[in-house]
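See below for the structure under consideration.
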2 protein chains.
Amino acid sequence: MSLRKSMVNRGLLILTCFFSFVIQLCLASKTRHFKWEVEYMYWSPDCMEGVVMGINGQFPGPTIRAVAGDTIVVELTNRLHTEGVVIHWHGIRQFGTPWADGTASISQCAINPGETFIYRYKVDKAGTYFYHGHYGMQRSAGLYGSLVVEVGEGQKEPFHYDGEFNLLLSDWWHKGSQEQEVALSSKPFRWIGEPQTLLINGRGQYNCSLAAHVTNSSSPQCQFRGNEQCSPQILHVQPHKTYRLRVSSTTALASLNLQIGNHKMVMVEADGNYIQPVAVDDLDIYSGESYSVLIHTDQDPSKNYWISVSVRGREPKTPQGLTILNYQTTSASKLPTSTPPVSPLWNDYNHSKSFSNKILALMGSPKPPTTYNRRIILLNTQNTINGFTKWAINNISLTLPPTPYLGAIKHRLSNAFDQKSPPENFPNDYDVMKPPTNTNSTYGNGVYMLEFRTTVDVILQNANALATGVSEIHPWHLHGHDFWVLGYGEGKFREKDAKRFNLKNPPLRNTAVIFPFGWTALRFVADNPGVWAFHCHIEPHSHMGMGVVFAEGVHLVKDVPNHALVV
Amino acid sequence: MSLRKSMVNRGLLILTCFFSFVIQLCLASKTRHFKWEVEYMYWSPDCMEGVVMGINGQFPGPTIRAVAGDTIVVELTNRLHTEGVVIHWHGIRQFGTPWADGTASISQCAINPGETFIYRYKVDKAGTYFYHGHYGMQRSAGLYGSLVVEVGEGQKEPFHYDGEFNLLLSDWWHKGSQEQEVALSSKPFRWIGEPQTLLINGRGQYNCSLAAHVTNSSSPQCQFRGNEQCSPQILHVQPHKTYRLRVSSTTALASLNLQIGNHKMVMVEADGNYIQPVAVDDLDIYSGESYSVLIHTDQDPSKNYWISVSVRGREPKTPQGLTILNYQTTSASKLPTSTPPVSPLWNDYNHSKSFSNKILALMGSPKPPTTYNRRIILLNTQNTINGFTKWAINNISLTLPPTPYLGAIKHRLSNAFDQKSPPENFPNDYDVMKPPTNTNSTYGNGVYMLEFRTTVDVILQNANALATGVSEIHPWHLHGHDFWVLGYGEGKFREKDAKRFNLKNPPLRNTAVIFPFGWTALRFVADNPGVWAFHCHIEPHSHMGMGVVFAEGVHLVKDVPNHALVV
């Protein structure tokens, strides 16, 4: 079902309710059916034609809009010719439906060409989410879209707004995802390079610039009729109103910074959880994260303003992504006369850390347990295995098995994966500030078996990569849960650092970043029966082994559809 | 196991036999084990780097050499990241092992990433064969290699030779097979164009020419040290000897013509069957065919000679593929001073027909039954379905189902494919000389159920494609059988044409061509329990629906490995 159709349907429902006074129908949660077909297609996301993985002929895939408490049913048919496919519903915790998490080798077998798999799950919490492929590098290939959950009827958001916009951010390469995979798996390793273009709702400009008239860009000024696949979606606003911008990042690689010329943003939501409102000039957003910000259209209504997206955390070799905030009192074709906002320096990590530390839970949010039952420390290193460059966690580079864990654990298939638990920690004398002395790592696919309903602390420990003086940003994403972000720190985590944990108002999130040479502490309760991926959301990194697998209460999982279990 | 290792092993076996006089060991058939891993890798087949689908780090895949009666065991592990894979052993009839035929959706499920499937089958008949991917367009991606079966110990070929060479011919595109698939499946249709390069044993030259010094090529003269992936494999010969050249074509598209400067070729084998020796100046070879030719090195031994491969049947836009026949009395680096052989005109179909008609069974070969039990007439048309360009057989464009036929028929799964038999014929008033008046065709996946051990005639009827005056060459390949080629004809096949069938010495083959606007008559005995693909061997054509499925005696199939049945 297309976005438009879905919205029309929703409109009809509200009308029906209004006129018939069948109030209960309105309050009752709704089941929303979608029939999707995944296929490759020619597309020009950045005005250069390439091949994208689309859904129902659209790129990005259709936006799902639902109301908290609704059940989403997606009948997904794989129309690829030789590739399997799955879709992960990023941020949806899948209580009671772990088989619908859409992670190949973990929650289900990849859906084979020609086959249909039915995802059925509840969206229990309002918020800004998205969905994407979770097999090989199919997210890089363009398999993603937005998932917006509104508060239930009769419920209210803890903030007011007059209208809303959705900005799904991504990065795009001209080299296809298949060749990117080959590059990453080659010996010697070949890095895929920085993305050619940043996309806002799947639209960017590679061979022209929206801002050529005010910058010394070597690209010509873009000329659009407006119906091109790469023409920007302009945000049309009325003066003196408050708008909610839902911003999510499904980039394969890039960490981003979003700005709106002359407009402050007030952050109110992170990863589907309310946060203490905080005003910022620019928004750092890492792959896997989502935010809602409020903007007030209080600027000169005779002008339009830039919305810009820039690369953070890696030396930027990709032009800013741009679109326009249009005061409808002014022609939308009137370009801003100022230069687009200048983003913080890519390596100004103090700016980034200060930003991350500003994010705190809204008063009244669930608080973390004050103690933990198990603490797992995960060292993030770059390694080699037989000359192949890999990422490893506690010296194990995750290689997913063909048989999905969920079925394997439920049916006690002892040969489906390593039965030995992966390490809880790394050697005490490991120097995180230096390249690994023994670069050799091993492949592995063991599982951290978590006692059901226990509280788990995870300390993500960053380290020096293979090259001296290099440590990268990694945004880690947990499936099946939100976690509390208890704190960030520098260097190697020490027991005494735990004293500084924020147990008062830590934000609940599903993605948290580790900064170069630093650590990040997370806490969650293992209360969701299933098997859950926890991995760096940079797709080349997770593809190179940067992830682990958690399992909890699998014996309590019932009614797993057969097709989620069979290899 | 690499080719070298396999040959060394064979050498050791012979030595062991010689010295220990354990003659029975020599006579006993042997089981040959191979462990293969399929993966994408960077390669430069034509001096331009691209991505190929390789086996054990080799392109083309390792050559299998065996002796008639041997059992081949290939443990195939899929190291691709999101794609399934299968390998078809082209020309091997798979008596008793129909599940090892390596056709996705027909004999087995595609092998999923990370999984291993064991192909185990007998090579019962000496001959020149090859293997290749049979899923999506994985043959175009480079998944192929040679399979040579020598006569059993104590047996003799019906001709003498002093040495042999193997030439596996293919065509190569710079656009990846994935993008080719997208092009073919797009609306409007986008043709993939002619190949950039013809490859001989996986080697061709795109940005240089071996013959620049004697032609007015715009490419520079190739300079090779000899170890480049694209340097030609030179055939080193002694004067006054007889050599057997095993030539097979696994092209995705191109029909080819092979010539050797100054040397006549005597054809002695076609598709693993002996034929009446016949001398030719040039050899037409269509995708899916194989030949053995004998050459006598009776030319001036102070010179070297071109071996050239050129395009037939389509307006050639691809340079000749070249390598060199080197008389070892002369330096191999001495290039021929004459221009490479000029091939017959691409559209000189009389030449092609005359060539095909020269191929007759060697005296003593099995003769066809003189009568048939069932005659199926298959009209080959180009059509559209909902605006998509397709090929169709009797107006049905084959779309393979996800559940393999072999398991579905054996276990009577009535919903796995269309239970209605496809048409036996096409409307009497259909004009094969004109474009279809109703271009609309339908998708289908029904099966021709053949009575076990009956004699089946197939009349392949060519027709005008969508464009007026256009009719293409289609080389049809049958799995699980050889068929007798009873004759070729012009225009629409008529009952009386059957009187001219050659029942005396028709060649046994597994691939036969239909010429533009013509027909070809085949006969085979349905004596091999299993389900068998019959399709145009041009990969884009079969991908666009140009094939049918035969099934016979499936109830007699035993011991199907589970992994060949499960979807």
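Scheme for the structure tokens: letters A, B, ... for chains in order shown; per-chain residue numbers from 1; ligand numbers from 1 in order shown.
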
Can you list every residue in range 265-332 of chain B that DSSP puts in strand (DSSP E), as number ranges by chain?
-> B: 265-270, 273-280, 282-285, 290-296, 304-312, 321-327

Compile the contact shell of Thr399 in chain A as a count of residues only: residues with an atom at most 12 Å away, counting only C-alpha atoms, same-chain residues fewer than 5 positions apart removed.
-> 28

Once you count only C-alpha atoms, what closest atom pair and distance in Å to one decimal does each residue of chain A within 7 Å of chain B have, with rows by chain and rising residue number, as JSON lines?
{"residue": "A:Tyr40", "atom": "CA", "partner": "B:Val182", "partner_atom": "CA", "distance": 6.2}
{"residue": "A:Met41", "atom": "CA", "partner": "B:Val182", "partner_atom": "CA", "distance": 6.0}
{"residue": "A:Val51", "atom": "CA", "partner": "B:Glu179", "partner_atom": "CA", "distance": 7.0}
{"residue": "A:His81", "atom": "CA", "partner": "B:Gly136", "partner_atom": "CA", "distance": 5.5}
{"residue": "A:Thr82", "atom": "CA", "partner": "B:Glu83", "partner_atom": "CA", "distance": 5.2}
{"residue": "A:Glu83", "atom": "CA", "partner": "B:Glu83", "partner_atom": "CA", "distance": 4.1}
{"residue": "A:Gly84", "atom": "CA", "partner": "B:Thr82", "partner_atom": "CA", "distance": 5.7}
{"residue": "A:Pro113", "atom": "CA", "partner": "B:Pro402", "partner_atom": "CA", "distance": 6.7}
{"residue": "A:Gly114", "atom": "CA", "partner": "B:Pro402", "partner_atom": "CA", "distance": 5.4}
{"residue": "A:Glu115", "atom": "CA", "partner": "B:Pro402", "partner_atom": "CA", "distance": 6.4}
{"residue": "A:Tyr135", "atom": "CA", "partner": "B:Thr82", "partner_atom": "CA", "distance": 6.6}
{"residue": "A:Gly136", "atom": "CA", "partner": "B:His81", "partner_atom": "CA", "distance": 5.5}
{"residue": "A:Glu179", "atom": "CA", "partner": "B:Val51", "partner_atom": "CA", "distance": 7.0}
{"residue": "A:Val182", "atom": "CA", "partner": "B:Met41", "partner_atom": "CA", "distance": 6.0}
{"residue": "A:Pro401", "atom": "CA", "partner": "B:Gly114", "partner_atom": "CA", "distance": 6.8}
{"residue": "A:Pro402", "atom": "CA", "partner": "B:Gly114", "partner_atom": "CA", "distance": 5.4}

Distance query range 485-496 of chain B at most 6 Å, only C-alpha atoms, self and fewer than 6 positions along chain excluded, as a PDB file with N, CA, C and O atoms, in the first residue's frame:
ATOM      1  N   ASN B 502      15.949 -37.497 -40.792  1.00  0.00           N
ATOM      2  CA  ASN B 502      17.078 -38.421 -40.885  1.00  0.00           C
ATOM      3  C   ASN B 502      16.993 -39.423 -39.740  1.00  0.00           C
ATOM      4  O   ASN B 502      17.298 -39.102 -38.602  1.00  0.00           O
ATOM      5  N   PRO B 506      21.223 -39.722 -37.545  1.00  0.00           N
ATOM      6  CA  PRO B 506      21.126 -38.402 -36.894  1.00  0.00           C
ATOM      7  C   PRO B 506      22.093 -38.337 -35.714  1.00  0.00           C
ATOM      8  O   PRO B 506      22.279 -39.332 -35.022  1.00  0.00           O
ATOM      9  N   PRO B 507      22.702 -37.190 -35.510  1.00  0.00           N
ATOM     10  CA  PRO B 507      23.644 -37.084 -34.390  1.00  0.00           C
ATOM     11  C   PRO B 507      22.907 -37.048 -33.059  1.00  0.00           C
ATOM     12  O   PRO B 507      21.806 -36.493 -32.964  1.00  0.00           O
ATOM     13  N   PHE B 517      13.448 -18.128 -38.446  1.00  0.00           N
ATOM     14  CA  PHE B 517      12.275 -18.496 -39.244  1.00  0.00           C
ATOM     15  C   PHE B 517      12.223 -19.985 -39.605  1.00  0.00           C
ATOM     16  O   PHE B 517      11.505 -20.362 -40.521  1.00  0.00           O
ATOM     17  N   GLY B 518      12.984 -20.810 -38.881  1.00  0.00           N
ATOM     18  CA  GLY B 518      13.007 -22.227 -39.236  1.00  0.00           C
ATOM     19  C   GLY B 518      12.528 -23.120 -38.106  1.00  0.00           C
ATOM     20  O   GLY B 518      12.031 -22.658 -37.081  1.00  0.00           O
ATOM     21  N   TRP B 519      12.653 -24.416 -38.330  1.00  0.00           N
ATOM     22  CA  TRP B 519      12.311 -25.384 -37.286  1.00  0.00           C
ATOM     23  C   TRP B 519      13.417 -26.418 -37.169  1.00  0.00           C
ATOM     24  O   TRP B 519      14.221 -26.597 -38.101  1.00  0.00           O
ATOM     25  N   THR B 520      13.449 -27.092 -36.036  1.00  0.00           N
ATOM     26  CA  THR B 520      14.399 -28.168 -35.790  1.00  0.00           C
ATOM     27  C   THR B 520      13.634 -29.298 -35.115  1.00  0.00           C
ATOM     28  O   THR B 520      12.829 -29.045 -34.217  1.00  0.00           O
ATOM     29  N   ALA B 521      13.873 -30.521 -35.600  1.00  0.00           N
ATOM     30  CA  ALA B 521      13.146 -31.678 -35.056  1.00  0.00           C
ATOM     31  C   ALA B 521      14.084 -32.557 -34.239  1.00  0.00           C
ATOM     32  O   ALA B 521      15.176 -32.907 -34.697  1.00  0.00           O
ATOM     33  N   LEU B 522      13.637 -32.881 -33.027  1.00  0.00           N
ATOM     34  CA  LEU B 522      14.437 -33.690 -32.098  1.00  0.00           C
ATOM     35  C   LEU B 522      13.636 -34.909 -31.660  1.00  0.00           C
ATOM     36  O   LEU B 522      12.405 -34.867 -31.624  1.00  0.00           O
TER      37      LEU B 522
END

Take CA of Gln221 in chain A and CA of Asn207 in chain A and report the distance between them in Å, one decimal.
-> 9.2 Å

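Close contacts of Arg375 in chain A, defined as residues with an atom at most 10 Å away when counting only C-alpha atoms, with chain neighbours fewer than 3 positions off set aside, comprise A:Tyr372, A:Leu378, A:Glu424, A:Asn425, A:Thr455, A:Val456, A:Asp457, A:Val458, A:Ile459, A:Ala521, A:Leu522, A:Arg523.
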
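Residue nearest Asp70 in chain B, chosen from B:Asp281, B:Glu153, B:Glu539, B:Asp497 and counting only C-alpha atoms: B:Glu153.
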
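CA of Ile234 in chain B is positioned 24.0 Å from CA of Pro344 in chain B.
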
Considering only C-alpha atoms, return as a PyMOL selection string whatever protein or nucleic-acid residues lie within 7 Å of Thr511 in chain B, sequence-local ones (same chain, fewer than 3 positions apart) excluded.
-> chain B and resi 288-289+475-478

Restricting it to N, CA and C atoms, dump the selection as a PDB file, in the first residue's frame.
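Wrote it out as again_22.pdb, contents follow:
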ATOM      1  N   GLY B 288      26.215 -23.771 -25.246  1.00  0.00           N
ATOM      2  CA  GLY B 288      25.712 -25.052 -24.773  1.00  0.00           C
ATOM      3  C   GLY B 288      26.289 -26.228 -25.532  1.00  0.00           C
ATOM      4  N   GLU B 289      26.995 -25.940 -26.628  1.00  0.00           N
ATOM      5  CA  GLU B 289      27.558 -27.022 -27.437  1.00  0.00           C
ATOM      6  C   GLU B 289      29.015 -27.286 -27.068  1.00  0.00           C
ATOM      7  N   PRO B 475      19.842 -21.666 -29.388  1.00  0.00           N
ATOM      8  CA  PRO B 475      20.373 -23.025 -29.150  1.00  0.00           C
ATOM      9  C   PRO B 475      19.660 -23.636 -27.946  1.00  0.00           C
ATOM     10  N   TRP B 476      18.883 -24.687 -28.194  1.00  0.00           N
ATOM     11  CA  TRP B 476      18.112 -25.327 -27.129  1.00  0.00           C
ATOM     12  C   TRP B 476      18.887 -26.476 -26.519  1.00  0.00           C
ATOM     13  N   HIS B 477      18.892 -26.510 -25.183  1.00  0.00           N
ATOM     14  CA  HIS B 477      19.642 -27.525 -24.445  1.00  0.00           C
ATOM     15  C   HIS B 477      18.689 -28.349 -23.588  1.00  0.00           C
ATOM     16  N   LEU B 478      18.831 -29.675 -23.685  1.00  0.00           N
ATOM     17  CA  LEU B 478      17.999 -30.581 -22.891  1.00  0.00           C
ATOM     18  C   LEU B 478      18.825 -31.188 -21.763  1.00  0.00           C
TER      19      LEU B 478
END

Select, from A:Trp484, A:Tyr305, A:Tyr327, A:Tyr243, the residue with the minimum atom-to-atom distance to Phe159 in chain A, counting only C-alpha atoms.
-> A:Tyr243

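Proximity to range 143-151 of chain B at 7 Å, evaluated using only C-alpha atoms and with sequence-adjacent residues fewer than 5 positions away removed, yields Met53, Gly54, Pro60, Gly61, Pro62, Thr63, Ile64, Arg65, Ala66, Val67, Ala68, Ala126, Gly127, Thr128, Tyr129, Phe130, Tyr131, His132, Gly133, Gln138, Lys156, Glu157 and Leu168 of chain B.
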